[in-house]
Amino acid sequence: MNGVEIHVEVVPALHVFVPRSRRGGTTPLATDGVSTLGHVIESLGVPLTEVGTLVVDGRAVPVAHIPAAGERVEVRAVERPQQVPGAPLRFLLDVHLGTLARRLRLLGVDTAYESTDIGDPALATRSAAEKRVMLSRDRGLLRRRELWAGAFVYSTSPDDQLHDVLDRFAPDLRPWSRCTACNGLLQEATKDQLSDQLKSGTQRSYDVFAQCTSCGRAYWKGAHHEQLEAVVERALSMRTQGR
């Protein structure tokens with residue numbers, strides 16, 4: 001079967017995924033004439049989780065569209081804030097995103113995290129079973145069809161990662177309401193209730209405590225509280241400023 005040539009332009013926001021030769025505007029691309037546009041875009045290296053509207057000759061088309069010869073395709077990024085219909089917004093992070101997971105939990109965002117490498121199939125299955133948005137820097141994982149939803153984490157900096165996730169999904173923030181260790185919900189607790197977990201110096205120095213309802217871990221405003229408070233304040237400021 002003879003192939004067809006189409007002309008593809010990938011917007012700058014997605015240039016990180018494509019070869020440099022395809023970052024200069026519209027470029028020709030040979031296709032087999034039977035593959036869907038979604039498959040063609042993925043063959044360029046762009047995960048469909050990062051693709052918003054596909055525009056062919058001025059009209060929006062689905063990823064199932066079969067490109068015809070001469071068509072001009074514009075590949076746009078997802079719009080922000082991105083809407084994830086069908087379930088409460090919850091996340092699943094892979095083994096490489098532990099700091100991001102803890103910071104999202106610090107902000108009260110429902111965030112599951114795998115601290116060991118359980119493999120892409122298991123992660124994708126969990127994403128589907130629990131209806132969680134899979135966050136990862138693994139493009140292969142984000143291409144798995146089992147995923148319920150997914151998003152590429154563009155930066156290796158935890159600060160930038162957090163900013164990007166909050167900007168992209170605009171989750172509700174409830175700081176200090178979740179356990180950073182296990183994602184369980186926190187509740188107020190007394191010093192007496194936690195006495196077996198507290199050193200004598202902590203008992204003398206602090207009076208306000210919380211405890212995870214899932215794992216039982218104790219929380220108080222300890223030595224690192226100012227650093228954590230700064231993370232929370234930046235996130236809330238970002239939300240207030242609408243960025």
# chains A, B, ... in the order shown; residues from 1 in each chain; ligands from 1
$ select_by_dssp --residues "region 27-174 of chain A" --states "alpha helix (DSSP H)" --output "PyMOL selection string"
chain A and resi 37-43+98-106+120-130+139-142+158-169
$ residues_around --residues "Gly45 (chain A)" --least-positions-apart "5" --cutoff "9 Å" --atoms "only C-alpha atoms" --output "VMD selection string"
chain A and resid 17 to 19 139
$ select_by_dssp --residues "region 99-212 of chain A" --states "strand (DSSP E or B)" --output "list in words"
Thr111, Ala112, Tyr113, Val133, Met134, Leu135, Ser136, Ala149, Gly150, Ala151, Phe152, Arg178, Leu185, Leu186, Gln187, Glu188, Ala189, Phe209, Ala210, Gln211 and Cys212 of chain A
$ closest_residue --among "A:Ala149, A:Val51, A:Ala112, A:Leu135" --to "Glu79 (chain A)" --atoms "only C-alpha atoms"
A:Val51
$ closest_atom_pairs --of "region 11-116 of chain A" --to "region 170-187 of chain A" --cutoff "7 Å" --atoms "only C-alpha atoms" --output "tab-separated table"
residue	atom	partner	partner_atom	distance
A:Pro81	CA	A:Ala170	CA	6.0
A:Leu89	CA	A:Pro171	CA	6.9
A:Arg102	CA	A:Thr180	CA	5.0
A:Arg105	CA	A:Thr180	CA	5.3
A:Leu106	CA	A:Trp176	CA	5.6
A:Leu107	CA	A:Pro175	CA	4.0
A:Gly108	CA	A:Arg174	CA	4.4
A:Val109	CA	A:Leu173	CA	6.3
A:Asp110	CA	A:Asn183	CA	6.7
A:Thr111	CA	A:Asn183	CA	6.3
A:Ala112	CA	A:Asn183	CA	6.7
$ write_last_selection --atoms "N, CA and C atoms" --output "PDB file, in the first residue's frame"
ATOM      1  N   PRO A  81      -6.177  25.441  32.893  1.00  0.00           N
ATOM      2  CA  PRO A  81      -6.072  24.183  33.633  1.00  0.00           C
ATOM      3  C   PRO A  81      -6.763  23.035  32.916  1.00  0.00           C
ATOM      4  N   LEU A  89     -10.183  14.434  41.330  1.00  0.00           N
ATOM      5  CA  LEU A  89      -8.812  14.556  40.859  1.00  0.00           C
ATOM      6  C   LEU A  89      -7.860  13.938  41.875  1.00  0.00           C
ATOM      7  N   ARG A 102       5.536  13.918  48.169  1.00  0.00           N
ATOM      8  CA  ARG A 102       5.443  14.450  49.532  1.00  0.00           C
ATOM      9  C   ARG A 102       4.936  15.891  49.542  1.00  0.00           C
ATOM     10  N   ARG A 105       1.171  15.920  48.884  1.00  0.00           N
ATOM     11  CA  ARG A 105       0.475  15.505  50.103  1.00  0.00           C
ATOM     12  C   ARG A 105       0.498  16.603  51.154  1.00  0.00           C
ATOM     13  N   LEU A 106       1.623  17.310  51.247  1.00  0.00           N
ATOM     14  CA  LEU A 106       1.723  18.436  52.178  1.00  0.00           C
ATOM     15  C   LEU A 106       0.630  19.455  51.905  1.00  0.00           C
ATOM     16  N   LEU A 107       0.279  19.617  50.638  1.00  0.00           N
ATOM     17  CA  LEU A 107      -0.753  20.565  50.234  1.00  0.00           C
ATOM     18  C   LEU A 107      -2.156  19.971  50.314  1.00  0.00           C
ATOM     19  N   GLY A 108      -2.258  18.735  50.755  1.00  0.00           N
ATOM     20  CA  GLY A 108      -3.560  18.100  50.909  1.00  0.00           C
ATOM     21  C   GLY A 108      -4.109  17.474  49.646  1.00  0.00           C
ATOM     22  N   VAL A 109      -3.263  17.248  48.645  1.00  0.00           N
ATOM     23  CA  VAL A 109      -3.704  16.649  47.382  1.00  0.00           C
ATOM     24  C   VAL A 109      -3.569  15.129  47.467  1.00  0.00           C
ATOM     25  N   ASP A 110      -4.632  14.417  47.137  1.00  0.00           N
ATOM     26  CA  ASP A 110      -4.655  12.955  47.209  1.00  0.00           C
ATOM     27  C   ASP A 110      -3.623  12.384  46.230  1.00  0.00           C
ATOM     28  N   THR A 111      -2.531  11.859  46.777  1.00  0.00           N
ATOM     29  CA  THR A 111      -1.399  11.451  45.951  1.00  0.00           C
ATOM     30  C   THR A 111      -0.870  10.093  46.370  1.00  0.00           C
ATOM     31  N   ALA A 112      -1.067   9.090  45.526  1.00  0.00           N
ATOM     32  CA  ALA A 112      -0.476   7.774  45.749  1.00  0.00           C
ATOM     33  C   ALA A 112       0.920   7.762  45.140  1.00  0.00           C
TER      34      ALA A 112
END
$ residues_around --residues "Leu97 (chain A)" --least-positions-apart "3" --cutoff "12 Å" --atoms "only C-alpha atoms" --output "mmCIF file with all heavy atoms, in the first residue's frame"
data_model
loop_
_atom_site.group_PDB
_atom_site.id
_atom_site.type_symbol
_atom_site.label_atom_id
_atom_site.label_comp_id
_atom_site.auth_asym_id
_atom_site.auth_seq_id
_atom_site.Cartn_x
_atom_site.Cartn_y
_atom_site.Cartn_z
ATOM 1 N N PHE A 91 -3.886 11.619 42.095
ATOM 2 C CA PHE A 91 -2.670 11.353 41.349
ATOM 3 C C PHE A 91 -2.002 10.055 41.786
ATOM 4 O O PHE A 91 -2.188 9.576 42.908
ATOM 5 C CB PHE A 91 -1.672 12.503 41.530
ATOM 6 C CG PHE A 91 -2.154 13.817 40.974
ATOM 7 C CD1 PHE A 91 -2.627 14.812 41.820
ATOM 8 C CD2 PHE A 91 -2.149 14.067 39.614
ATOM 9 C CE1 PHE A 91 -3.076 16.019 41.321
ATOM 10 C CE2 PHE A 91 -2.598 15.267 39.098
ATOM 11 C CZ PHE A 91 -3.062 16.249 39.952
ATOM 12 N N LEU A 92 -1.200 9.511 40.872
ATOM 13 C CA LEU A 92 -0.329 8.373 41.137
ATOM 14 C C LEU A 92 1.039 8.723 40.568
ATOM 15 O O LEU A 92 1.145 9.099 39.397
ATOM 16 C CB LEU A 92 -0.878 7.105 40.475
ATOM 17 C CG LEU A 92 0.036 5.880 40.461
ATOM 18 C CD1 LEU A 92 0.342 5.415 41.882
ATOM 19 C CD2 LEU A 92 -0.603 4.736 39.651
ATOM 20 N N LEU A 93 2.089 8.627 41.391
ATOM 21 C CA LEU A 93 3.430 8.987 40.974
ATOM 22 C C LEU A 93 4.334 7.762 40.991
ATOM 23 O O LEU A 93 4.207 6.891 41.858
ATOM 24 C CB LEU A 93 4.021 10.068 41.891
ATOM 25 C CG LEU A 93 3.588 11.512 41.610
ATOM 26 C CD1 LEU A 93 2.086 11.716 41.766
ATOM 27 C CD2 LEU A 93 4.350 12.480 42.501
ATOM 28 N N ASP A 94 5.272 7.716 40.044
ATOM 29 C CA ASP A 94 6.176 6.571 40.003
ATOM 30 C C ASP A 94 7.346 6.775 40.958
ATOM 31 O O ASP A 94 7.470 7.780 41.651
ATOM 32 C CB ASP A 94 6.640 6.282 38.573
ATOM 33 C CG ASP A 94 7.532 7.370 37.976
ATOM 34 O OD1 ASP A 94 8.115 8.160 38.748
ATOM 35 O OD2 ASP A 94 7.654 7.429 36.745
ATOM 36 N N LEU A 100 8.143 15.169 44.904
ATOM 37 C CA LEU A 100 6.909 15.761 44.404
ATOM 38 C C LEU A 100 5.702 15.159 45.115
ATOM 39 O O LEU A 100 4.755 15.882 45.472
ATOM 40 C CB LEU A 100 6.792 15.551 42.890
ATOM 41 C CG LEU A 100 5.504 16.039 42.230
ATOM 42 C CD1 LEU A 100 5.322 17.539 42.443
ATOM 43 C CD2 LEU A 100 5.503 15.706 40.738
ATOM 44 N N ALA A 101 5.718 13.853 45.341
ATOM 45 C CA ALA A 101 4.603 13.201 46.045
ATOM 46 C C ALA A 101 4.431 13.773 47.441
ATOM 47 O O ALA A 101 3.316 14.088 47.869
ATOM 48 C CB ALA A 101 4.835 11.687 46.106
ATOM 49 N N ARG A 102 5.536 13.918 48.169
ATOM 50 C CA ARG A 102 5.443 14.450 49.532
ATOM 51 C C ARG A 102 4.936 15.891 49.542
ATOM 52 O O ARG A 102 4.163 16.282 50.429
ATOM 53 C CB ARG A 102 6.810 14.355 50.216
ATOM 54 C CG ARG A 102 7.217 12.922 50.560
ATOM 55 C CD ARG A 102 8.472 12.876 51.385
ATOM 56 N NE ARG A 102 9.650 13.297 50.633
ATOM 57 C CZ ARG A 102 10.387 12.491 49.885
ATOM 58 N NH1 ARG A 102 10.070 11.209 49.769
ATOM 59 N NH2 ARG A 102 11.454 12.944 49.243
ATOM 60 N N ARG A 103 5.337 16.678 48.557
ATOM 61 C CA ARG A 103 4.894 18.073 48.518
ATOM 62 C C ARG A 103 3.418 18.177 48.157
ATOM 63 O O ARG A 103 2.702 19.025 48.699
ATOM 64 C CB ARG A 103 5.762 18.871 47.541
ATOM 65 C CG ARG A 103 7.185 19.034 48.032
ATOM 66 C CD ARG A 103 7.990 19.973 47.175
ATOM 67 N NE ARG A 103 9.328 20.161 47.720
ATOM 68 C CZ ARG A 103 10.207 21.027 47.252
ATOM 69 N NH1 ARG A 103 9.892 21.799 46.222
ATOM 70 N NH2 ARG A 103 11.399 21.141 47.801
ATOM 71 N N LEU A 104 2.941 17.339 47.255
ATOM 72 C CA LEU A 104 1.518 17.339 46.937
ATOM 73 C C LEU A 104 0.694 16.921 48.154
ATOM 74 O O LEU A 104 -0.346 17.512 48.452
ATOM 75 C CB LEU A 104 1.239 16.412 45.754
ATOM 76 C CG LEU A 104 1.676 16.927 44.379
ATOM 77 C CD1 LEU A 104 1.598 15.818 43.331
ATOM 78 C CD2 LEU A 104 0.833 18.122 43.945
ATOM 79 N N THR A 111 -2.531 11.859 46.777
ATOM 80 C CA THR A 111 -1.399 11.451 45.951
ATOM 81 C C THR A 111 -0.870 10.093 46.370
ATOM 82 O O THR A 111 -0.279 9.941 47.444
ATOM 83 C CB THR A 111 -0.253 12.481 46.054
ATOM 84 O OG1 THR A 111 -0.740 13.779 45.725
ATOM 85 C CG2 THR A 111 0.890 12.116 45.125
ATOM 86 N N ALA A 112 -1.067 9.090 45.526
ATOM 87 C CA ALA A 112 -0.476 7.774 45.749
ATOM 88 C C ALA A 112 0.920 7.762 45.140
ATOM 89 O O ALA A 112 1.181 8.433 44.139
ATOM 90 C CB ALA A 112 -1.344 6.692 45.113
ATOM 91 N N TYR A 113 1.807 6.973 45.745
ATOM 92 C CA TYR A 113 3.203 6.957 45.303
ATOM 93 C C TYR A 113 3.777 5.573 45.501
ATOM 94 O O TYR A 113 3.587 4.958 46.557
ATOM 95 C CB TYR A 113 3.996 8.002 46.107
ATOM 96 C CG TYR A 113 5.497 7.846 46.042
ATOM 97 C CD1 TYR A 113 6.192 8.046 44.851
ATOM 98 C CD2 TYR A 113 6.242 7.500 47.182
ATOM 99 C CE1 TYR A 113 7.557 7.895 44.785
ATOM 100 C CE2 TYR A 113 7.614 7.355 47.126
ATOM 101 C CZ TYR A 113 8.271 7.557 45.930
ATOM 102 O OH TYR A 113 9.637 7.410 45.870
ATOM 103 N N GLU A 114 4.469 5.085 44.490
ATOM 104 C CA GLU A 114 5.131 3.789 44.590
ATOM 105 C C GLU A 114 6.607 4.006 44.890
ATOM 106 O O GLU A 114 7.349 4.536 44.067
ATOM 107 C CB GLU A 114 4.967 2.998 43.284
ATOM 108 C CG GLU A 114 3.551 2.505 43.022
ATOM 109 C CD GLU A 114 3.137 1.405 43.996
ATOM 110 O OE1 GLU A 114 4.017 0.880 44.716
ATOM 111 O OE2 GLU A 114 1.939 1.078 44.044
ATOM 112 N N SER A 115 7.051 3.623 46.079
ATOM 113 C CA SER A 115 8.434 3.846 46.489
ATOM 114 C C SER A 115 9.392 2.803 45.928
ATOM 115 O O SER A 115 10.605 2.925 46.075
ATOM 116 C CB SER A 115 8.536 3.851 48.013
ATOM 117 O OG SER A 115 8.088 2.619 48.550
ATOM 118 N N THR A 116 8.863 1.778 45.281
ATOM 119 C CA THR A 116 9.690 0.786 44.602
ATOM 120 C C THR A 116 9.230 0.684 43.147
ATOM 121 O O THR A 116 8.108 1.063 42.809
ATOM 122 C CB THR A 116 9.578 -0.598 45.266
ATOM 123 O OG1 THR A 116 8.197 -1.018 45.260
ATOM 124 C CG2 THR A 116 10.079 -0.551 46.693
ATOM 125 N N ASP A 117 10.090 0.173 42.316
ATOM 126 C CA ASP A 117 9.777 0.053 40.893
ATOM 127 C C ASP A 117 8.939 -1.200 40.662
ATOM 128 O O ASP A 117 9.465 -2.307 40.591
ATOM 129 C CB ASP A 117 11.072 0.001 40.083
ATOM 130 C CG ASP A 117 10.817 0.072 38.582
ATOM 131 O OD1 ASP A 117 9.634 0.126 38.176
ATOM 132 O OD2 ASP A 117 11.799 0.078 37.816
ATOM 133 N N MET A 134 -1.747 9.477 36.207
ATOM 134 C CA MET A 134 -0.374 9.007 36.328
ATOM 135 C C MET A 134 0.589 10.144 35.991
ATOM 136 O O MET A 134 0.557 10.684 34.886
ATOM 137 C CB MET A 134 -0.158 7.846 35.353
ATOM 138 C CG MET A 134 1.209 7.185 35.411
ATOM 139 S SD MET A 134 1.358 6.060 36.810
ATOM 140 C CE MET A 134 2.780 6.789 37.636
ATOM 141 N N LEU A 135 1.445 10.511 36.938
ATOM 142 C CA LEU A 135 2.477 11.515 36.705
ATOM 143 C C LEU A 135 3.819 10.807 36.590
ATOM 144 O O LEU A 135 4.197 10.032 37.469
ATOM 145 C CB LEU A 135 2.530 12.528 37.850
ATOM 146 C CG LEU A 135 1.264 13.339 38.128
ATOM 147 C CD1 LEU A 135 1.525 14.342 39.246
ATOM 148 C CD2 LEU A 135 0.791 14.066 36.875
ATOM 149 N N SER A 136 4.543 11.088 35.506
ATOM 150 C CA SER A 136 5.792 10.375 35.277
ATOM 151 C C SER A 136 6.645 11.132 34.264
ATOM 152 O O SER A 136 6.129 11.929 33.472
ATOM 153 C CB SER A 136 5.512 8.958 34.763
ATOM 154 O OG SER A 136 6.708 8.257 34.477
ATOM 155 N N ARG A 137 7.951 10.851 34.272
ATOM 156 C CA ARG A 137 8.846 11.330 33.231
ATOM 157 C C ARG A 137 9.158 10.210 32.233
ATOM 158 O O ARG A 137 9.978 10.386 31.340
ATOM 159 C CB ARG A 137 10.139 11.861 33.849
ATOM 160 C CG ARG A 137 9.955 13.194 34.571
ATOM 161 C CD ARG A 137 11.254 13.723 35.150
ATOM 162 N NE ARG A 137 12.355 13.749 34.214
ATOM 163 C CZ ARG A 137 12.518 14.666 33.270
ATOM 164 N NH1 ARG A 137 11.626 15.646 33.121
ATOM 165 N NH2 ARG A 137 13.551 14.617 32.462
ATOM 166 N N ASP A 138 8.494 9.082 32.389
ATOM 167 C CA ASP A 138 8.689 7.914 31.533
ATOM 168 C C ASP A 138 7.681 7.972 30.377
ATOM 169 O O ASP A 138 6.494 7.719 30.556
ATOM 170 C CB ASP A 138 8.490 6.645 32.359
ATOM 171 C CG ASP A 138 8.743 5.372 31.563
ATOM 172 O OD1 ASP A 138 8.728 5.414 30.316
ATOM 173 O OD2 ASP A 138 8.942 4.313 32.190
ATOM 174 N N PHE A 152 2.984 14.098 31.628
ATOM 175 C CA PHE A 152 4.433 14.088 31.677
ATOM 176 C C PHE A 152 4.919 15.162 32.644
ATOM 177 O O PHE A 152 4.403 16.287 32.651
ATOM 178 C CB PHE A 152 4.998 14.358 30.283
ATOM 179 C CG PHE A 152 6.491 14.277 30.194
ATOM 180 C CD1 PHE A 152 7.141 13.054 30.217
ATOM 181 C CD2 PHE A 152 7.260 15.435 30.073
ATOM 182 C CE1 PHE A 152 8.526 12.974 30.125
ATOM 183 C CE2 PHE A 152 8.637 15.369 29.984
ATOM 184 C CZ PHE A 152 9.282 14.139 30.006
ATOM 185 N N VAL A 153 5.898 14.818 33.473
ATOM 186 C CA VAL A 153 6.510 15.785 34.386
ATOM 187 C C VAL A 153 7.748 16.328 33.681
ATOM 188 O O VAL A 153 8.731 15.605 33.475
ATOM 189 C CB VAL A 153 6.869 15.121 35.731
ATOM 190 C CG1 VAL A 153 7.590 16.108 36.642
ATOM 191 C CG2 VAL A 153 5.605 14.599 36.399
ATOM 192 N N TYR A 154 7.712 17.599 33.310
ATOM 193 C CA TYR A 154 8.710 18.146 32.393
ATOM 194 C C TYR A 154 10.057 18.437 33.041
ATOM 195 O O TYR A 154 11.091 18.393 32.367
ATOM 196 C CB TYR A 154 8.167 19.421 31.742
ATOM 197 C CG TYR A 154 7.101 19.154 30.712
ATOM 198 C CD1 TYR A 154 5.784 18.876 31.094
ATOM 199 C CD2 TYR A 154 7.395 19.129 29.359
ATOM 200 C CE1 TYR A 154 4.804 18.604 30.157
ATOM 201 C CE2 TYR A 154 6.421 18.859 28.412
ATOM 202 C CZ TYR A 154 5.125 18.595 28.819
ATOM 203 O OH TYR A 154 4.162 18.313 27.891
ATOM 204 N N SER A 155 10.084 18.771 34.305
ATOM 205 C CA SER A 155 11.321 19.203 34.945
ATOM 206 C C SER A 155 11.864 18.132 35.883
ATOM 207 O O SER A 155 11.148 17.235 36.325
ATOM 208 C CB SER A 155 11.075 20.499 35.727
ATOM 209 O OG SER A 155 12.235 20.893 36.441
ATOM 210 N N THR A 156 13.165 18.247 36.196
ATOM 211 C CA THR A 156 13.774 17.398 37.217
ATOM 212 C C THR A 156 13.865 18.130 38.553
ATOM 213 O O THR A 156 14.279 17.539 39.552
ATOM 214 C CB THR A 156 15.186 16.963 36.787
ATOM 215 O OG1 THR A 156 15.988 18.129 36.539
ATOM 216 C CG2 THR A 156 15.125 16.117 35.516
ATOM 217 N N SER A 157 13.484 19.402 38.597
ATOM 218 C CA SER A 157 13.516 20.187 39.821
ATOM 219 C C SER A 157 12.191 20.043 40.567
ATOM 220 O O SER A 157 11.128 20.322 40.005
ATOM 221 C CB SER A 157 13.755 21.663 39.500
ATOM 222 O OG SER A 157 13.370 22.501 40.573
ATOM 223 N N PRO A 158 12.205 19.612 41.841
ATOM 224 C CA PRO A 158 10.949 19.464 42.588
ATOM 225 C C PRO A 158 10.132 20.751 42.645
ATOM 226 O O PRO A 158 8.902 20.698 42.570
ATOM 227 C CB PRO A 158 11.422 19.026 43.980
ATOM 228 C CG PRO A 158 12.711 18.323 43.735
ATOM 229 C CD PRO A 158 13.365 19.097 42.615
ATOM 230 N N ASP A 159 10.793 21.909 42.777
ATOM 231 C CA ASP A 159 10.065 23.180 42.800
ATOM 232 C C ASP A 159 9.311 23.391 41.492
ATOM 233 O O ASP A 159 8.123 23.748 41.492
ATOM 234 C CB ASP A 159 11.018 24.350 43.032
ATOM 235 C CG ASP A 159 11.534 24.404 44.464
ATOM 236 O OD1 ASP A 159 10.921 23.779 45.344
ATOM 237 O OD2 ASP A 159 12.561 25.071 44.694
ATOM 238 N N GLN A 161 8.561 21.087 39.258
ATOM 239 C CA GLN A 161 7.578 20.015 39.086
ATOM 240 C C GLN A 161 6.273 20.371 39.774
ATOM 241 O O GLN A 161 5.182 20.218 39.197
ATOM 242 C CB GLN A 161 8.129 18.702 39.651
ATOM 243 C CG GLN A 161 9.256 18.089 38.852
ATOM 244 C CD GLN A 161 9.858 16.885 39.549
ATOM 245 O OE1 GLN A 161 9.581 16.620 40.727
ATOM 246 N NE2 GLN A 161 10.681 16.134 38.841
ATOM 247 N N LEU A 162 6.375 20.837 41.015
ATOM 248 C CA LEU A 162 5.175 21.190 41.765
ATOM 249 C C LEU A 162 4.442 22.338 41.093
ATOM 250 O O LEU A 162 3.208 22.306 40.942
ATOM 251 C CB LEU A 162 5.543 21.565 43.202
ATOM 252 C CG LEU A 162 4.368 21.917 44.117
ATOM 253 C CD1 LEU A 162 3.421 20.739 44.272
ATOM 254 C CD2 LEU A 162 4.874 22.371 45.492
#
$ residues_around --residues "His7 (chain A)" --least-positions-apart "5" --cutoff "8 Å" --atoms "only C-alpha atoms" --output "list in words"
Thr26, Thr27, Pro28, Leu29, Gly70, Glu71, Arg72 and Val73 of chain A
$ write_last_selection --atoms "N, CA, C and O atoms" --output "tab-separated table (two decimals), in the first residue's frame"
chain	number	residue	atom	x	y	z
A	26	THR	N	6.07	23.98	10.11
A	26	THR	CA	5.47	22.86	9.42
A	26	THR	C	6.50	22.08	8.63
A	26	THR	O	7.26	22.66	7.85
A	27	THR	N	6.55	20.76	8.83
A	27	THR	CA	7.49	19.91	8.12
A	27	THR	C	6.76	18.71	7.53
A	27	THR	O	5.75	18.26	8.08
A	28	PRO	N	7.24	18.19	6.40
A	28	PRO	CA	6.59	17.03	5.78
A	28	PRO	C	6.82	15.76	6.58
A	28	PRO	O	7.85	15.60	7.23
A	29	LEU	N	5.84	14.86	6.50
A	29	LEU	CA	5.95	13.58	7.19
A	29	LEU	C	5.27	12.51	6.36
A	29	LEU	O	4.10	12.66	5.96
A	70	GLY	N	-1.51	15.32	1.79
A	70	GLY	CA	-1.52	16.77	1.69
A	70	GLY	C	-2.12	17.50	2.87
A	70	GLY	O	-2.07	18.74	2.91
A	71	GLU	N	-2.69	16.78	3.82
A	71	GLU	CA	-3.31	17.46	4.96
A	71	GLU	C	-2.25	18.17	5.81
A	71	GLU	O	-1.13	17.70	5.96
A	72	ARG	N	-2.65	19.32	6.36
A	72	ARG	CA	-1.78	20.09	7.24
A	72	ARG	C	-2.29	19.92	8.67
A	72	ARG	O	-3.45	20.24	8.96
A	73	VAL	N	-1.41	19.42	9.53
A	73	VAL	CA	-1.79	19.05	10.89
A	73	VAL	C	-1.07	19.96	11.88
A	73	VAL	O	0.15	20.12	11.81
$ atom_distance --atom1 "CA of Thr49 (chain A)" --atom2 "CA of Gly24 (chain A)"
22.6 Å
$ residues_around --residues "Pro121 (chain A)" --least-positions-apart "2" --cutoff "9 Å" --atoms "only C-alpha atoms" --output "list in words"
Ile118, Gly119, Leu123, Ala124, Thr125, Arg126, Leu141, Arg144 and Glu146 of chain A
$ write_last_selection --atoms "N, CA and C atoms" --output "PDB file, in the first residue's frame"
ATOM      1  N   ILE A 118       7.627  -1.027  40.548  1.00  0.00           N
ATOM      2  CA  ILE A 118       6.736  -2.175  40.366  1.00  0.00           C
ATOM      3  C   ILE A 118       6.480  -2.473  38.893  1.00  0.00           C
ATOM      4  N   GLY A 119       7.043  -1.650  37.999  1.00  0.00           N
ATOM      5  CA  GLY A 119       6.898  -1.895  36.573  1.00  0.00           C
ATOM      6  C   GLY A 119       5.753  -1.122  35.951  1.00  0.00           C
ATOM      7  N   LEU A 123       1.745  -0.132  37.272  1.00  0.00           N
ATOM      8  CA  LEU A 123       1.394   1.275  37.479  1.00  0.00           C
ATOM      9  C   LEU A 123       0.181   1.661  36.639  1.00  0.00           C
ATOM     10  N   ALA A 124       0.183   1.255  35.374  1.00  0.00           N
ATOM     11  CA  ALA A 124      -0.939   1.581  34.497  1.00  0.00           C
ATOM     12  C   ALA A 124      -2.228   0.943  34.994  1.00  0.00           C
ATOM     13  N   THR A 125      -2.128  -0.293  35.479  1.00  0.00           N
ATOM     14  CA  THR A 125      -3.302  -0.988  36.007  1.00  0.00           C
ATOM     15  C   THR A 125      -3.840  -0.275  37.243  1.00  0.00           C
ATOM     16  N   ARG A 126      -2.945   0.179  38.119  1.00  0.00           N
ATOM     17  CA  ARG A 126      -3.398   0.894  39.314  1.00  0.00           C
ATOM     18  C   ARG A 126      -4.037   2.224  38.943  1.00  0.00           C
ATOM     19  N   LEU A 141       5.754   4.699  29.675  1.00  0.00           N
ATOM     20  CA  LEU A 141       4.649   4.457  30.606  1.00  0.00           C
ATOM     21  C   LEU A 141       3.421   5.259  30.200  1.00  0.00           C
ATOM     22  N   ARG A 144       1.013   3.789  27.553  1.00  0.00           N
ATOM     23  CA  ARG A 144       0.268   2.557  27.792  1.00  0.00           C
ATOM     24  C   ARG A 144      -1.231   2.823  27.744  1.00  0.00           C
ATOM     25  N   GLU A 146      -3.654   1.197  29.037  1.00  0.00           N
ATOM     26  CA  GLU A 146      -4.430   0.917  30.233  1.00  0.00           C
ATOM     27  C   GLU A 146      -4.616   2.144  31.122  1.00  0.00           C
TER      28      GLU A 146
END
$ atom_distance --atom1 "CA of Asp57 (chain A)" --atom2 "CA of Ala30 (chain A)"
17.0 Å
$ closest_residue --among "A:Pro12, A:Gly201, A:Gly3, A:Gly33" --to "Pro67 (chain A)" --atoms "only C-alpha atoms"
A:Gly33
$ residues_around --residues "region 237-239 of chain A" --least-positions-apart "6" --cutoff "9 Å" --atoms "only C-alpha atoms" --output "list in words"
His163, Leu166, Asp167 and Ala170 of chain A
$ closest_residue --among "A:Glu130, A:Glu226, A:Asp160, A:Glu5" --to "Trp148 (chain A)" --atoms "only C-alpha atoms"
A:Glu130
